$ cat upload_0.txt   # compact mmCIF, C-alpha atoms
# COMPACT_ATOMS: atom_id res chain seq x y z
CA MET S 1 32.90 25.32 18.36
CA SER S 2 29.22 26.24 18.52
CA TYR S 3 28.55 23.95 15.54
CA LEU S 4 30.24 21.04 17.31
CA HIS S 5 28.29 21.82 20.46
CA ASN S 6 24.99 21.82 18.53
CA ILE S 7 25.82 18.56 16.75
CA GLY S 8 26.75 16.86 20.03
CA GLN S 9 23.66 18.18 21.78
CA TYR S 10 21.51 17.01 18.85
CA PHE S 11 22.78 13.42 19.13
CA LEU S 12 22.35 13.49 22.92
CA MET S 13 18.75 14.58 22.35
CA ILE S 14 18.20 11.61 20.03
CA LYS S 15 19.60 9.28 22.71
CA GLU S 16 17.37 10.87 25.35
CA MET S 17 14.34 10.49 23.06
CA PHE S 18 14.39 6.70 23.53
CA ARG S 19 15.09 6.75 27.28
CA LYS S 20 12.43 6.59 30.00
CA PRO S 21 9.41 6.35 27.66
CA THR S 22 6.06 7.89 28.47
CA LYS S 23 3.34 5.36 29.29
CA TRP S 24 1.52 4.04 26.24
CA SER S 25 -1.97 5.30 27.19
CA VAL S 26 -0.64 8.87 27.00
CA MET S 27 1.76 8.31 24.09
CA ARG S 28 -0.97 6.82 21.88
CA HIS S 29 -2.99 10.05 21.95
CA LEU S 30 0.11 12.14 21.27
CA ILE S 31 1.03 10.00 18.26
CA PHE S 32 -2.45 10.20 16.72
CA LYS S 33 -2.51 13.96 17.24
CA ASP S 34 0.88 14.33 15.50
CA ILE S 35 -0.21 12.08 12.63
CA ASP S 36 -3.15 14.41 12.09
CA ASP S 37 -1.03 17.58 12.38
CA LEU S 38 2.01 16.46 10.39
CA ILE S 39 0.73 13.91 7.84
CA ILE S 40 -3.00 14.35 7.25
CA ASN S 41 -2.86 18.15 7.22
CA SER S 42 -0.02 18.04 4.67
CA LEU S 43 -1.93 15.95 2.11
CA GLY S 44 -3.47 18.94 0.37
CA ILE S 45 -0.28 20.94 -0.27
CA VAL S 46 1.68 17.81 -1.26
CA ALA S 47 -1.04 16.71 -3.72
CA PHE S 48 -1.35 20.18 -5.26
CA ILE S 49 2.41 20.68 -5.73
CA ALA S 50 3.05 17.13 -6.98
CA PHE S 51 0.32 17.22 -9.63
CA PHE S 52 1.30 20.54 -11.16
CA VAL S 53 5.08 20.11 -10.93
CA GLY S 54 4.69 16.71 -12.64
CA GLY S 55 2.81 18.53 -15.41
CA VAL S 56 5.53 21.17 -15.70
CA VAL S 57 8.28 18.52 -15.89
CA THR S 58 6.40 16.78 -18.71
CA ILE S 59 5.81 19.98 -20.67
CA GLN S 60 9.44 21.11 -20.39
CA THR S 61 10.69 17.67 -21.39
CA ALA S 62 8.37 17.52 -24.41
CA LEU S 63 9.28 21.04 -25.56
CA ASN S 64 13.00 20.25 -25.43
CA MET S 65 12.66 17.05 -27.48
CA THR S 66 12.35 18.73 -30.86
CA SER S 67 14.21 16.15 -32.95
CA PRO S 68 11.92 13.78 -34.88
CA LEU S 69 14.47 11.02 -34.22
CA ILE S 70 13.73 11.06 -30.47
CA PRO S 71 10.78 8.77 -29.62
CA LYS S 72 7.88 10.42 -27.81
CA THR S 73 7.92 7.65 -25.20
CA LEU S 74 10.99 9.31 -23.66
CA VAL S 75 8.74 12.07 -22.28
CA GLY S 76 6.94 9.60 -20.00
CA PHE S 77 10.23 7.89 -19.16
CA ALA S 78 11.92 11.17 -18.18
CA THR S 79 8.92 12.27 -16.11
CA ARG S 80 8.83 8.97 -14.24
CA GLN S 81 12.55 9.05 -13.47
CA SER S 82 12.47 12.70 -12.37
CA VAL S 83 9.46 12.23 -10.11
CA ILE S 84 10.49 8.94 -8.49
CA LEU S 85 14.21 9.58 -8.04
CA GLU S 86 14.34 13.23 -7.04
CA PHE S 87 11.20 15.30 -7.12
CA ALA S 88 8.96 13.28 -4.77
CA PRO S 89 11.47 12.25 -2.07
CA THR S 90 13.78 15.30 -2.08
CA PHE S 91 11.85 18.32 -3.38
CA ILE S 92 8.75 17.50 -1.34
CA SER S 93 10.93 16.96 1.76
CA ILE S 94 12.40 20.45 1.43
CA ILE S 95 8.89 21.88 1.15
CA MET S 96 7.88 19.86 4.20
CA ALA S 97 10.89 21.25 6.07
CA GLY S 98 9.19 24.62 5.73
CA LYS S 99 5.66 23.49 6.59
CA VAL S 100 6.12 20.63 9.07
CA GLY S 101 9.51 21.75 10.40
CA SER S 102 8.32 25.25 11.21
CA PHE S 103 5.20 23.85 12.89
CA ILE S 104 7.26 21.50 15.08
CA THR S 105 9.79 24.16 16.06
CA SER S 106 7.17 26.81 16.83
CA SER S 107 4.95 24.44 18.85
CA ILE S 108 7.80 23.11 21.00
CA GLY S 109 9.43 26.55 21.19
CA THR S 110 6.16 28.07 22.44
CA MET S 111 6.03 25.40 25.15
CA ARG S 112 9.59 26.36 26.13
CA VAL S 113 8.72 30.08 26.27
CA THR S 114 5.58 29.48 28.35
CA GLU S 115 7.52 27.15 30.71
CA GLN S 116 5.35 24.12 29.91
CA ILE S 117 8.49 22.06 29.29
CA ASP S 118 9.82 23.06 32.72
CA ALA S 119 6.52 21.89 34.22
CA LEU S 120 6.88 18.50 32.50
CA GLU S 121 10.40 18.09 33.87
CA VAL S 122 9.29 19.05 37.39
CA MET S 123 6.66 16.29 37.21
CA GLY S 124 9.42 13.77 36.41
CA ILE S 125 8.40 13.30 32.76
CA ASN S 126 11.08 12.83 30.12
CA ALA S 127 10.11 15.93 28.14
CA ILE S 128 12.17 14.97 25.08
CA ASN S 129 10.47 11.58 24.82
CA TYR S 130 7.07 13.16 25.48
CA LEU S 131 7.48 15.86 22.81
CA VAL S 132 9.81 14.44 20.14
CA PHE S 133 9.13 10.69 20.06
CA PRO S 134 5.45 11.01 18.92
CA LYS S 135 6.59 13.23 16.03
CA PHE S 136 9.25 10.68 15.10
CA ILE S 137 6.66 7.87 15.03
CA ALA S 138 4.12 9.99 13.14
CA LEU S 139 6.66 10.84 10.44
CA MET S 140 7.38 7.16 9.88
CA LEU S 141 4.17 7.42 7.82
CA TYR S 142 5.89 10.05 5.65
CA PRO S 143 6.51 7.50 2.82
CA PHE S 144 2.71 7.38 2.46
CA LEU S 145 2.80 11.08 1.51
CA ILE S 146 5.71 10.53 -0.87
CA SER S 147 3.97 7.62 -2.61
CA ILE S 148 0.96 9.91 -3.20
CA ALA S 149 3.32 12.58 -4.54
CA MET S 150 4.86 10.06 -6.95
CA PHE S 151 1.47 8.93 -8.23
CA LEU S 152 0.09 12.45 -8.63
CA GLY S 153 3.30 13.73 -10.21
CA ILE S 154 3.13 11.09 -12.94
CA LEU S 155 -0.65 11.62 -13.26
CA GLY S 156 -0.10 15.37 -13.62
CA GLY S 157 2.41 14.67 -16.37
CA LEU S 158 -0.12 12.47 -18.13
CA ALA S 159 -2.79 15.16 -17.91
CA ALA S 160 -0.43 17.87 -19.19
CA SER S 161 0.84 15.76 -22.08
CA VAL S 162 -2.62 14.68 -23.28
CA ILE S 163 -4.44 17.99 -22.72
CA GLY S 164 -1.59 20.00 -24.21
CA GLY S 165 -1.23 17.64 -27.13
CA PHE S 166 2.49 17.06 -26.53
CA VAL S 167 2.38 13.24 -26.30
CA SER S 168 -0.38 10.73 -26.89
CA PHE S 169 -1.83 8.72 -24.01
CA ASP S 170 -0.34 5.44 -25.32
CA ASP S 171 3.15 6.93 -25.82
CA TYR S 172 3.17 8.38 -22.31
CA ILE S 173 2.06 5.11 -20.69
CA SER S 174 4.67 3.19 -22.75
CA GLY S 175 7.33 5.64 -21.55
CA ILE S 176 6.34 5.14 -17.91
CA GLN S 177 6.67 1.37 -18.31
CA MET S 178 9.92 1.48 -20.29
CA ASP S 179 13.10 0.11 -18.62
CA PHE S 180 11.65 0.27 -15.11
CA ILE S 181 14.17 -0.66 -12.38
CA PRO S 182 12.42 -1.73 -9.14
CA PHE S 183 15.46 -0.78 -7.04
CA HIS S 184 14.79 2.88 -7.83
CA MET S 185 11.64 2.63 -5.69
CA THR S 186 13.66 1.08 -2.86
CA TYR S 187 16.23 3.86 -3.16
CA ALA S 188 13.50 6.54 -3.08
CA PHE S 189 11.82 5.13 0.03
CA ILE S 190 15.11 4.64 1.89
CA LYS S 191 15.79 8.33 1.27
CA THR S 192 12.27 9.13 2.42
CA PHE S 193 12.73 7.37 5.78
CA VAL S 194 16.03 9.18 6.35
CA PHE S 195 14.45 12.54 5.49
CA ALA S 196 11.49 11.75 7.77
CA PHE S 197 13.92 11.24 10.66
CA LEU S 198 15.55 14.60 9.92
CA LEU S 199 12.16 16.33 9.65
CA ALA S 200 11.16 15.00 13.08
CA THR S 201 14.38 15.63 15.00
CA ILE S 202 16.13 18.77 13.69
CA PRO S 203 13.11 21.10 14.08
CA SER S 204 12.42 19.50 17.49
CA TYR S 205 16.01 20.24 18.53
CA TYR S 206 15.75 23.92 17.64
CA GLY S 207 12.39 24.22 19.35
CA TYR S 208 13.43 22.39 22.52
CA TYR S 209 16.74 24.18 23.12
CA MET S 210 15.70 27.68 22.07
CA LYS S 211 16.08 30.55 24.53
CA GLY S 212 14.26 33.86 24.71
CA GLY S 213 10.72 34.96 23.99
CA ALA S 214 8.18 35.00 21.18
CA LEU S 215 10.56 36.71 18.73
CA GLU S 216 13.14 33.96 19.21
CA VAL S 217 10.47 31.32 18.38
CA GLY S 218 10.23 32.80 14.88
CA LYS S 219 14.02 32.92 14.53
CA ALA S 220 14.30 29.30 15.68
CA SER S 221 11.70 28.25 13.08
CA THR S 222 13.71 29.93 10.33
CA THR S 223 16.98 28.39 11.54
CA SER S 224 15.45 24.91 11.75
CA PHE S 225 14.16 25.20 8.18
CA VAL S 226 17.61 26.22 6.91
CA TRP S 227 19.51 23.43 8.67
CA THR S 228 16.89 20.76 7.90
CA SER S 229 17.11 21.68 4.21
CA VAL S 230 20.92 21.61 4.32
CA ALA S 231 20.90 18.18 6.01
CA ILE S 232 18.39 16.82 3.47
CA ILE S 233 20.46 18.02 0.51
CA LEU S 234 23.74 16.69 1.93
CA LEU S 235 22.29 13.29 2.80
CA ASN S 236 20.57 13.16 -0.57
CA TYR S 237 23.98 13.50 -2.22
CA ILE S 238 25.59 10.90 0.08
CA LEU S 239 22.79 8.33 -0.32
CA THR S 240 22.70 8.80 -4.10
CA GLN S 241 26.46 8.29 -4.28
CA MET S 242 26.26 5.18 -2.09
CA MET S 243 23.22 3.50 -3.64
CA LEU S 244 23.22 4.43 -7.33
CA SER S 245 26.88 4.80 -8.28

$ encode --input "upload_0.txt" --output "structure tokens"
Amino acid sequence: MSYLHNIGQYFLMIKEMFRKPTKWSVMRHLIFKDIDDLIINSLGIVAFIAFFVGGVVTIQTALNMTSPLIPKTLVGFATRQSVILEFAPTFISIIMAGKVGSFITSSIGTMRVTEQIDALEVMGINAINYLVFPKFIALMLYPFLISIAMFLGILGGLAASVIGGFVSFDDYISGIQMDFIPFHMTYAFIKTFVFAFLLATIPSYYGYYMKGGALEVGKASTTSFVWTSVAIILLNYILTQMMLS
């Protein structure tokens, strides 16, 4: 029953997030602050991981294509498909559930522990809208991060293939261009928007409704990471089944 209670409370929180909005002059500053905290500050880790994982995918693909009958262009093709369809939208989102999700849960949870949320409610402010809505808007820029991850993942694969001597530059570029289906980009960005919504709301839920002291803030951060990752993986399966099958 506790799971049903949490699910119901989560959807009620989402409904409350759009009710009684905070005035724009205040909300604008909150949104820009969250864009800086959640998007800009994540650029470095996303770029680093995307570049080197793209290189690893390329190397592993090249090393497993030992038959001389398999064209070398398939290395670039396989890297492109892996990065665009799964690695960038899904794998990066799970990493962000740890970085961004833990930050959101701990920041809101600390406000709960120090009774700042109670102070907002006493002043007649819709605390859920004030705290959660700016994060939701900021993470609507999350596809910008994923597009960078896609580009750097493919670029990392190019660097690894050329420097390591696995595939020539021309073969890799030909593989990237081979049999490209534009809908795969649409599919990837639809997933990205869904994951962005989960990244904004599930950690906020665990931070807002936590009880206890400083120790419970850490526990709430861990729990939010686990359930955000579970939700991302489940919805990834559902969306893939719906859109690609």

$ residues_near_point --input "upload_0.txt" --point "(7.1, 9.5, 3.8)" --cutoff "12 Å" --atoms "only C-alpha atoms" --output "compact mmCIF listing (two decimals) with C-alpha atoms, in the frame of the given file"
# COMPACT_ATOMS: atom_id res chain seq x y z
CA ILE S 35 -0.21 12.08 12.63
CA LEU S 38 2.01 16.46 10.39
CA ILE S 39 0.73 13.91 7.84
CA ILE S 40 -3.00 14.35 7.25
CA SER S 42 -0.02 18.04 4.67
CA LEU S 43 -1.93 15.95 2.11
CA VAL S 46 1.68 17.81 -1.26
CA ALA S 88 8.96 13.28 -4.77
CA PRO S 89 11.47 12.25 -2.07
CA THR S 90 13.78 15.30 -2.08
CA ILE S 92 8.75 17.50 -1.34
CA SER S 93 10.93 16.96 1.76
CA MET S 96 7.88 19.86 4.20
CA PHE S 136 9.25 10.68 15.10
CA ILE S 137 6.66 7.87 15.03
CA ALA S 138 4.12 9.99 13.14
CA LEU S 139 6.66 10.84 10.44
CA MET S 140 7.38 7.16 9.88
CA LEU S 141 4.17 7.42 7.82
CA TYR S 142 5.89 10.05 5.65
CA PRO S 143 6.51 7.50 2.82
CA PHE S 144 2.71 7.38 2.46
CA LEU S 145 2.80 11.08 1.51
CA ILE S 146 5.71 10.53 -0.87
CA SER S 147 3.97 7.62 -2.61
CA ILE S 148 0.96 9.91 -3.20
CA ALA S 149 3.32 12.58 -4.54
CA MET S 150 4.86 10.06 -6.95
CA ALA S 188 13.50 6.54 -3.08
CA PHE S 189 11.82 5.13 0.03
CA ILE S 190 15.11 4.64 1.89
CA LYS S 191 15.79 8.33 1.27
CA THR S 192 12.27 9.13 2.42
CA PHE S 193 12.73 7.37 5.78
CA VAL S 194 16.03 9.18 6.35
CA PHE S 195 14.45 12.54 5.49
CA ALA S 196 11.49 11.75 7.77
CA PHE S 197 13.92 11.24 10.66
CA LEU S 198 15.55 14.60 9.92
CA LEU S 199 12.16 16.33 9.65
CA ALA S 200 11.16 15.00 13.08

$ closest_residue --input "upload_0.txt" --among "S:Ile173, S:Thr222, S:Pro21, S:Pro71" --to "Gly157 in chain S" --atoms "all atoms listed in the file"
S:Ile173

$ closest_residue --input "upload_0.txt" --among "S:Thr228, S:Gln60, S:Thr240, S:Thr105" --to "Lys135 in chain S" --atoms "only C-alpha atoms"
S:Thr105

$ closest_residue --input "upload_0.txt" --among "S:Met243, S:Leu74, S:Leu215, S:Ile233" --to "Gln177 in chain S" --atoms "all atoms listed in the file"
S:Leu74

$ atom_distance --input "upload_0.txt" --atom1 "CA of Gly55 in chain S" --atom2 "CA of Gly156 in chain S"
4.7 Å

$ residues_around --input "upload_0.txt" --residues "Ile154 in chain S" --least-positions-apart "4" --cutoff "9 Å" --atoms "only C-alpha atoms" --output "list in words"
Ala50, Phe51, Gly54, Gly55, Thr58, Gly76, Thr79, Arg80, Val83, Ile84, Ala149, Met150, Leu158, Ala159 and Ile176 of chain S

$ atom_distance --input "upload_0.txt" --atom1 "CA of Leu152 in chain S" --atom2 "CA of Ala47 in chain S"
6.6 Å

$ closest_residue --input "upload_0.txt" --among "S:Ile163, S:Leu30, S:Met17, S:Ile232" --to "Phe91 in chain S" --atoms "all atoms listed in the file"
S:Ile232

$ closest_residue --input "upload_0.txt" --among "S:Thr66, S:Ser161, S:Asn129, S:Ser2" --to "Ile14 in chain S" --atoms "all atoms listed in the file"
S:Asn129

$ residues_around --input "upload_0.txt" --residues "Pro134 in chain S" --least-positions-apart "6" --cutoff "7 Å" --atoms "all atoms listed in the file" --output "PDB file with C-alpha atoms, keeping the file's coordinate frame"
ATOM      1  CA  MET S  27       1.760   8.310  24.090  1.00  0.00           C
ATOM      2  CA  LEU S  30       0.110  12.140  21.270  1.00  0.00           C
ATOM      3  CA  ILE S  31       1.030  10.000  18.260  1.00  0.00           C
ATOM      4  CA  ASP S  34       0.880  14.330  15.500  1.00  0.00           C
TER       5      ASP S  34
END

$ decode --input "upload_0.txt" --residues "range 4-18 of chain S" --atoms "N, CA, C and O atoms" --output "JSON list (two decimals), in the first residue's frame"
[["chain", "number", "residue", "atom", "x", "y", "z"],
["S", 4, "LEU", "N", 1.47, 2.42, -3.53],
["S", 4, "LEU", "CA", 0.30, 3.10, -4.10],
["S", 4, "LEU", "C", 0.16, 4.50, -3.52],
["S", 4, "LEU", "O", -0.18, 5.45, -4.24],
["S", 5, "HIS", "N", 0.42, 4.62, -2.23],
["S", 5, "HIS", "CA", 0.35, 5.94, -1.59],
["S", 5, "HIS", "C", 1.37, 6.89, -2.21],
["S", 5, "HIS", "O", 1.05, 8.04, -2.53],
["S", 6, "ASN", "N", 2.60, 6.40, -2.41],
["S", 6, "ASN", "CA", 3.66, 7.25, -3.00],
["S", 6, "ASN", "C", 3.33, 7.65, -4.42],
["S", 6, "ASN", "O", 3.56, 8.80, -4.83],
["S", 7, "ILE", "N", 2.79, 6.69, -5.21],
["S", 7, "ILE", "CA", 2.43, 7.00, -6.60],
["S", 7, "ILE", "C", 1.33, 8.06, -6.64],
["S", 7, "ILE", "O", 1.40, 9.03, -7.40],
["S", 8, "GLY", "N", 0.30, 7.88, -5.80],
["S", 8, "GLY", "CA", -0.79, 8.85, -5.75],
["S", 8, "GLY", "C", -0.32, 10.22, -5.31],
["S", 8, "GLY", "O", -0.68, 11.25, -5.89],
["S", 9, "GLN", "N", 0.53, 10.24, -4.29],
["S", 9, "GLN", "CA", 1.06, 11.51, -3.78],
["S", 9, "GLN", "C", 1.95, 12.19, -4.82],
["S", 9, "GLN", "O", 1.96, 13.43, -4.94],
["S", 10, "TYR", "N", 2.67, 11.37, -5.60],
["S", 10, "TYR", "CA", 3.53, 11.92, -6.67],
["S", 10, "TYR", "C", 2.69, 12.63, -7.72],
["S", 10, "TYR", "O", 3.02, 13.77, -8.13],
["S", 11, "PHE", "N", 1.60, 12.01, -8.16],
["S", 11, "PHE", "CA", 0.75, 12.65, -9.18],
["S", 11, "PHE", "C", 0.02, 13.86, -8.62],
["S", 11, "PHE", "O", -0.21, 14.84, -9.35],
["S", 12, "LEU", "N", -0.34, 13.84, -7.35],
["S", 12, "LEU", "CA", -0.94, 15.03, -6.73],
["S", 12, "LEU", "C", 0.07, 16.17, -6.67],
["S", 12, "LEU", "O", -0.30, 17.33, -6.83],
["S", 13, "MET", "N", 1.34, 15.83, -6.44],
["S", 13, "MET", "CA", 2.39, 16.86, -6.44],
["S", 13, "MET", "C", 2.53, 17.50, -7.82],
["S", 13, "MET", "O", 2.69, 18.72, -7.93],
["S", 14, "ILE", "N", 2.45, 16.66, -8.87],
["S", 14, "ILE", "CA", 2.54, 17.19, -10.23],
["S", 14, "ILE", "C", 1.38, 18.13, -10.51],
["S", 14, "ILE", "O", 1.55, 19.21, -11.10],
["S", 15, "LYS", "N", 0.18, 17.76, -10.06],
["S", 15, "LYS", "CA", -0.99, 18.63, -10.24],
["S", 15, "LYS", "C", -0.78, 19.95, -9.49],
["S", 15, "LYS", "O", -1.06, 21.04, -10.02],
["S", 16, "GLU", "N", -0.28, 19.86, -8.28],
["S", 16, "GLU", "CA", -0.07, 21.05, -7.46],
["S", 16, "GLU", "C", 1.01, 21.96, -8.03],
["S", 16, "GLU", "O", 1.00, 23.18, -7.84],
["S", 17, "MET", "N", 1.95, 21.36, -8.78],
["S", 17, "MET", "CA", 3.05, 22.12, -9.37],
["S", 17, "MET", "C", 2.57, 23.20, -10.33],
["S", 17, "MET", "O", 3.20, 24.25, -10.49],
["S", 18, "PHE", "N", 1.43, 22.96, -10.98],
["S", 18, "PHE", "CA", 0.91, 23.92, -11.97],
["S", 18, "PHE", "C", -0.17, 24.83, -11.40],
["S", 18, "PHE", "O", -0.71, 25.66, -12.12]]
